[in-house]
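Below is one structure, written out as structure tokens; comments come after it.
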Amino acid sequence: MLLSIVVPTYNEAPNIAELVRRVTAVVDGRMGAPRETEIIFVDDSTDDTPDVIREVAASASLPVRLIHRDRPVGGLGGAVMAGIAAAESDACLVMDGDLQHPPEEIAQLWRRFSRGDVDLVIASRYAGGGTSTGLADRTRVMVSKASTAVTRAMFPIRLKDVSDPMTGFFLIDRRTIDAAQLRPRGFKILLEILARRPMRVAEVPFDFADRHAGQSKASVRQGVHFLTQLTALRFGKMSLFAIIGGLGAVANVAIVWALTHIGVDYIVAAIIAAEATIIGNFLLQERFVFQDMRESASGVWQRFAKSFAFNNAEALIRIPIVAVMVSTGHISAVLATAITLIVAFFVRFMFHSLVVYAPRKPGAAPSRARRFVEELDAQASAPGEL
Ligand code: GDD
Ligand code: MN
């Protein structure tokens with residue numbers, strides 16, 4: 001096998017036959033793409049797409065494989081990585097299943113890749129000659145252009161030669177991907193690959209076509225996903241953690257203001273505000289900062305208990321420390337508060353990444369208390385002597 005074509009699909013039944021037909025036409029050797037080509041559909045569909053794929057595969061003249069995932073881990077990005085891992089060939093071409101990526105371009109990508117001087121060839125909507133007419137409407141064109149510009153500004157070195165880091169149409173030598181480093185989530189798998197390590201990249205322009213059939217799965221949710229991915233890629237988890245902490249601080253002040261405004265006692269208002277933001281921050285961190293560590297960590301209630309205990313202890317300890325600093329150190333209360341908040345931020349981040357979301361120890365010996373309870377239980381339910 002010279003080339004493996006990976007196609008992620010989510011409810012694309014009406015597009016499968018046409019895609020396979022057009023890919024087959026390109027890889028018959030006349031247009032320059034190799035005959036030794038396979039297609040791997042990585043499918044997370046909830047409709048009859050897998051049946052259609054099996055049916056088309058049976059009569060196809062090139063190998064058509066289906067990986068149907070029962071758990072769509074990592075969404076589109078996870079599907080792409082699963083396809084690349086399963087490929088017969090190291091040369092892996094990734095394209096959408098809705099024919100917005102014209103299969104005829106495969107020949108061009110392959111010819112450029114075959115020169116052997118690059119690890120990755122990107123089909124770009126924004127390189128000279130490329131177009132993005134297939135984007136649904138003016139809003140999506142603007143969102144796409146703006147997010148591309150922001151992304152390129154954030155990674156000026158890694159994306160120096162890349163005009164379209166969000167395309168889903170590319171040909172890559174999979175040996176140059178460090179799969180262990182990747183955190184595939186959502187739509188922008190190419191950006192994830194490009195941002196993690198330097199690559200030799202070439203681009204070829206292409207026309208992003210209209211969808212053949214069916215509907216786009218892009219959504220506002222994917223957009224939010226993309227923004228958190230971008231922040232995490234650029235600044236690491238700590239920046240997301242800081243943003244959430246900052247939002248929490250603002251919310252805290254707002255709650256105190258609102259409650260005292262309606263006549264609640266200041267101390268009561270401060271306590272309610274503190275506890276509310278501790279809980280709110282926990283939920284946001286679960287969702288946006290440590291989402292990839294949740295699965296291997298202890299259960300959610302245990303994580304909550306640790307986080308909640310830590311934040312309350314921190315608040316209780318920090319206030320007397322501020323008092324001591326102010327009374328002995330000749331510094332103002334504001335400065336003392338600021339210093340302790342900054343120190344607390346780093347300690348809190350470390351505590352959460354190292355303790356709250358620490359991986360469960362596989363097969364760790366049960367604690368003594370646990371063994372005692374188990375022993376008691378065993379004794380209590382053992383058959384009696386009488
Ligand atoms: N397996 C799997 N799992 N496939 C998915 C999933 C998923 O959760 N979500 C979407 N897909 C598949 C779709 O079935 C389609 O084949 C492809 O991924 C792209 O999804 P579309 O719904 O067509 O998205 P789009 O047209 O808005 O996005 C295109 O443009 C983006 C840049 O603007 C794609 O080319 C993206 O890859 C690209 O990032
Ligand atoms: Mn599409």
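Naming works like this for the structure tokens: A, B, ... for the chains as they're shown, residue 1 at the start of each chain, ligands 1 onward in shown order.
Excluding region 195-203 of chain A and any residue on its chain fewer than 6 positions from it, the residues at most 9 Å away by only C-alpha atoms are Leu109, Arg112, Phe113, Asp117, Val118, Asp119, Leu120, Val121, Ile122, Ala123, Ser124, Ala127, Phe155, Ile157, Arg158, Leu159, Asp161, Val162, Ser163, Asp164, Phe170, Thr176, Ile177, Asp178, Gln181, Leu182, Leu233 and Arg234 of chain A.
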Problem set entry | Protein and nucleic acid residues within 7 Å of ligand 1 (only C-alpha atoms and all ligand atoms) as a PyMOL selection string | chain A and resi 7-12+42-44+72+75-76+79+96-98+100+144+166-169+187-188+215-218
For this session: Could you give me, as a ChimeraX atom specification, the residues within 12 Å of Asn311 (chain A), counting only C-alpha atoms and dropping anything in the same chain fewer than 2 positions from it?
Result: /A:245,274-279,281-282,304-309,313-318,341,344-345,347-349,351-352,356
For this session: Would you please extract all alpha helix (DSSP H) residues from region 105-310 of chain A, as assigned by DSSP on the backbone, and give them as a ChimeraX atom specification?
Result: /A:105-114,138-154,189-196,220-235,237-261,266-284,300-310
Can I get the residues of region 108-132 of chain A within 9 Å of region 26-37 of chain A, each with the closest pair of atoms and their distance in Å to one decimal, using only C-alpha atoms, sorted chain first then ascending number, as JSON lines?
{"residue": "A:Gln108", "atom": "CA", "partner": "A:Gly32", "partner_atom": "CA", "distance": 7.8}
{"residue": "A:Leu109", "atom": "CA", "partner": "A:Ala33", "partner_atom": "CA", "distance": 8.6}
{"residue": "A:Trp110", "atom": "CA", "partner": "A:Ala33", "partner_atom": "CA", "distance": 6.0}
{"residue": "A:Arg111", "atom": "CA", "partner": "A:Gly32", "partner_atom": "CA", "distance": 6.8}
Problem set entry | Shell around Ser61 (chain A) at 10 Å using only C-alpha atoms, local window under 6 positions removed, as a list in words | Val20, Arg21, Thr24, Asp28 and Glu38 of chain A
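Closest to ligand 2 among A:Gly280, A:Pro102, A:Gly116, A:Gly74 is A:Pro102, based on only C-alpha atoms and all ligand atoms.
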Quick one: residues within 6 Å of Gly130 (chain A), only C-alpha atoms counted, chain neighbours fewer than 6 positions away excluded, as a PDB file with N, CA and C atoms, in the first residue's frame?
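Here's the written file part.pdb:
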ATOM      1  N   PRO A 205      -2.854  24.889  -3.435  1.00  0.00           N
ATOM      2  CA  PRO A 205      -4.157  25.542  -3.345  1.00  0.00           C
ATOM      3  C   PRO A 205      -5.278  24.619  -3.802  1.00  0.00           C
ATOM      4  N   PHE A 206      -6.467  24.784  -3.230  1.00  0.00           N
ATOM      5  CA  PHE A 206      -7.623  24.035  -3.749  1.00  0.00           C
ATOM      6  C   PHE A 206      -8.901  24.835  -3.525  1.00  0.00           C
ATOM      7  N   ASP A 207      -9.948  24.458  -4.247  1.00  0.00           N
ATOM      8  CA  ASP A 207     -11.241  25.122  -4.105  1.00  0.00           C
ATOM      9  C   ASP A 207     -12.114  24.321  -3.163  1.00  0.00           C
TER      10      ASP A 207
END
For this session: Taking the chain letters and numbering used in this document, name the residues of region 97-329 of chain A that DSSP puts in strand (DSSP E or B), as a PyMOL selection string.
Result: chain A and resi 120-124+131+170-173+201-205+207+297
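Candidate residues A:Leu190, A:Met1, A:Ile16, A:Ala209 were compared for distance to ligand 2, and the nearest is A:Ala209, using only C-alpha atoms and all ligand atoms.
Coordinates place CA of Gly78 (chain A) at a distance of 10.9 Å from CA of Ala179 (chain A).
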Problem set entry | Two-atom distance - CA of Leu354 (chain A), CA of Arg303 (chain A) (Å) | 11.6 Å
Exercise. CA of Leu247 (chain A) and CA of Ile319 (chain A) are how many Å apart?
Worked result: 20.7 Å
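Using only C-alpha atoms, the nearest neighbour of Glu295 (chain A) within the list A:Ala358, A:Val256, A:Leu283, A:Ile262 is A:Ala358.
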Problem set entry | Pick from A:Gly263, A:Pro165, A:Pro14, A:Gly248 nearest to Arg125 (chain A), counting only C-alpha atoms | A:Pro165
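In this comparison, which uses only C-alpha atoms and all ligand atoms, the residue of A:Phe288, A:Phe372, A:Phe208, A:Phe41 approaching ligand 2 most closely is A:Phe208.
With distances restricted to only C-alpha atoms, A:Ser353 is the closest residue to Asp292 (chain A) from A:Asn312, A:Asn15, A:Thr133, A:Ser353.
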